[in-house]
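Structure first, then comments.
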Amino acid sequence: LIKKAFPAVSYSENRHINVKGNKSPYDGDEVYWSKRNSKLYDGATSKCLKRQDHSCGHCGLKFMDDERVHLHHIDGEHSNWKPKNLMAVHHSCHQYIHMGKTGKV
Ligand SMILES: [Zn+2]
Ligand SMILES: [Zn+2]
């Protein structure tokens with residue numbers, strides 16, 4: 001079931017991680033949500049967004065077109081791509097979530 005969505009997303013995610021290197025103290029699960037790119041992210045991210053009605057899992061505000069979307073792994077396990085473990089949040093909200101956890105990712 002999940003495998004179907006997994007390859008496309010993990011592929012693009014990995015590319016993001018490679019580009020960003022070790023700079024980010026966060027998950028590295030940042031994707032760029034836009035109508036143009038939505039085809040690239042028709043897996044976990046778009047499912048997450050649909051489930052959350054295109055609003056942020058943290059602050060509840062809607063994502064705008066072209067706004068960066070972070071996928072937060074709720075249990076902190078970055079290999080856990082089960083839909084229930086993923087939450088789409090704003091970049092700033094994601095920072096906030098992790099800052100609230102004593103700086104540890
Ligand atoms: Zn937010
Ligand atoms: Zn996170």
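Chain lettering (A, B, ...) mirrors the order of the structure tokens, residue numbering begins at 1 for each chain separately, and ligand numbering begins at 1 in order of display.
Taking only C-alpha atoms and all ligand atoms into account, every polymer residue with at least one atom at most 7 Å away from ligand 2 is listed here: Tyr26, Asp27, Leu71, His72, His73, Ile74, Gly76, His94, Ile97 and His98 of chain A.
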Which residues are near ligand 1 - at most 6 Å, using only C-alpha atoms and all ligand atoms? Format: as a PyMOL selection string.
chain A and resi 56+58-59+61+89-90+93
Please save all heavy atoms of the selected residues as a PDB file, in the first residue's frame.
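As written to disk, out_17.pdb reads:
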ATOM      1  N   CYS A  56      -1.735  23.735   7.802  1.00  0.00           N
ATOM      2  CA  CYS A  56      -0.570  23.327   8.580  1.00  0.00           C
ATOM      3  C   CYS A  56      -0.998  22.521   9.802  1.00  0.00           C
ATOM      4  O   CYS A  56      -1.939  22.897  10.502  1.00  0.00           O
ATOM      5  CB  CYS A  56       0.179  24.589   8.996  1.00  0.00           C
ATOM      6  SG  CYS A  56       1.530  24.297  10.133  1.00  0.00           S
ATOM      7  N   HIS A  58       0.461  22.291  12.466  1.00  0.00           N
ATOM      8  CA  HIS A  58       0.869  22.938  13.717  1.00  0.00           C
ATOM      9  C   HIS A  58       0.012  24.163  14.023  1.00  0.00           C
ATOM     10  O   HIS A  58      -0.575  24.257  15.077  1.00  0.00           O
ATOM     11  CB  HIS A  58       2.344  23.332  13.638  1.00  0.00           C
ATOM     12  CG  HIS A  58       2.856  23.933  14.914  1.00  0.00           C
ATOM     13  ND1 HIS A  58       3.118  23.181  16.026  1.00  0.00           N
ATOM     14  CD2 HIS A  58       3.121  25.224  15.244  1.00  0.00           C
ATOM     15  CE1 HIS A  58       3.530  23.980  16.992  1.00  0.00           C
ATOM     16  NE2 HIS A  58       3.543  25.214  16.548  1.00  0.00           N
ATOM     17  N   CYS A  59      -0.052  25.089  13.094  1.00  0.00           N
ATOM     18  CA  CYS A  59      -0.764  26.342  13.374  1.00  0.00           C
ATOM     19  C   CYS A  59      -2.153  26.373  12.753  1.00  0.00           C
ATOM     20  O   CYS A  59      -2.967  27.209  13.097  1.00  0.00           O
ATOM     21  CB  CYS A  59       0.055  27.542  12.876  1.00  0.00           C
ATOM     22  SG  CYS A  59       0.133  27.670  11.084  1.00  0.00           S
ATOM     23  N   LEU A  61      -3.053  27.153   9.762  1.00  0.00           N
ATOM     24  CA  LEU A  61      -3.249  28.053   8.630  1.00  0.00           C
ATOM     25  C   LEU A  61      -3.021  27.307   7.319  1.00  0.00           C
ATOM     26  O   LEU A  61      -2.219  26.383   7.253  1.00  0.00           O
ATOM     27  CB  LEU A  61      -2.280  29.237   8.722  1.00  0.00           C
ATOM     28  CG  LEU A  61      -2.494  30.186   9.899  1.00  0.00           C
ATOM     29  CD1 LEU A  61      -1.390  31.239   9.925  1.00  0.00           C
ATOM     30  CD2 LEU A  61      -3.859  30.847   9.830  1.00  0.00           C
ATOM     31  N   VAL A  89       3.766  20.732   7.706  1.00  0.00           N
ATOM     32  CA  VAL A  89       3.814  21.973   8.478  1.00  0.00           C
ATOM     33  C   VAL A  89       4.591  23.038   7.709  1.00  0.00           C
ATOM     34  O   VAL A  89       5.352  22.735   6.804  1.00  0.00           O
ATOM     35  CB  VAL A  89       4.489  21.762   9.859  1.00  0.00           C
ATOM     36  CG1 VAL A  89       3.658  20.861  10.748  1.00  0.00           C
ATOM     37  CG2 VAL A  89       5.897  21.201   9.687  1.00  0.00           C
ATOM     38  N   HIS A  90       4.396  24.278   8.108  1.00  0.00           N
ATOM     39  CA  HIS A  90       5.179  25.368   7.542  1.00  0.00           C
ATOM     40  C   HIS A  90       6.646  25.237   7.965  1.00  0.00           C
ATOM     41  O   HIS A  90       6.952  24.639   8.998  1.00  0.00           O
ATOM     42  CB  HIS A  90       4.684  26.726   8.075  1.00  0.00           C
ATOM     43  CG  HIS A  90       3.314  27.093   7.612  1.00  0.00           C
ATOM     44  ND1 HIS A  90       2.230  27.121   8.463  1.00  0.00           N
ATOM     45  CD2 HIS A  90       2.852  27.444   6.389  1.00  0.00           C
ATOM     46  CE1 HIS A  90       1.164  27.487   7.774  1.00  0.00           C
ATOM     47  NE2 HIS A  90       1.502  27.692   6.518  1.00  0.00           N
ATOM     48  N   CYS A  93       6.932  26.744  11.347  1.00  0.00           N
ATOM     49  CA  CYS A  93       6.308  25.902  12.367  1.00  0.00           C
ATOM     50  C   CYS A  93       7.187  24.696  12.665  1.00  0.00           C
ATOM     51  O   CYS A  93       7.282  24.241  13.802  1.00  0.00           O
ATOM     52  CB  CYS A  93       4.928  25.447  11.909  1.00  0.00           C
ATOM     53  SG  CYS A  93       3.739  26.795  11.856  1.00  0.00           S
TER      54      CYS A  93
END
Option closest in space to A:Lys47, from A:Leu86, A:Lys62, A:Arg68, A:Asn80 [counting only C-alpha atoms]
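The closest residue to A:Lys47 is A:Leu86.
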Which residue, A:Asp65, A:Lys82, A:Tyr96, A:Met87, has the smallest gap to A:Leu49 when you use only C-alpha atoms?
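Distance minimum relative to A:Leu49 lands on A:Met87.
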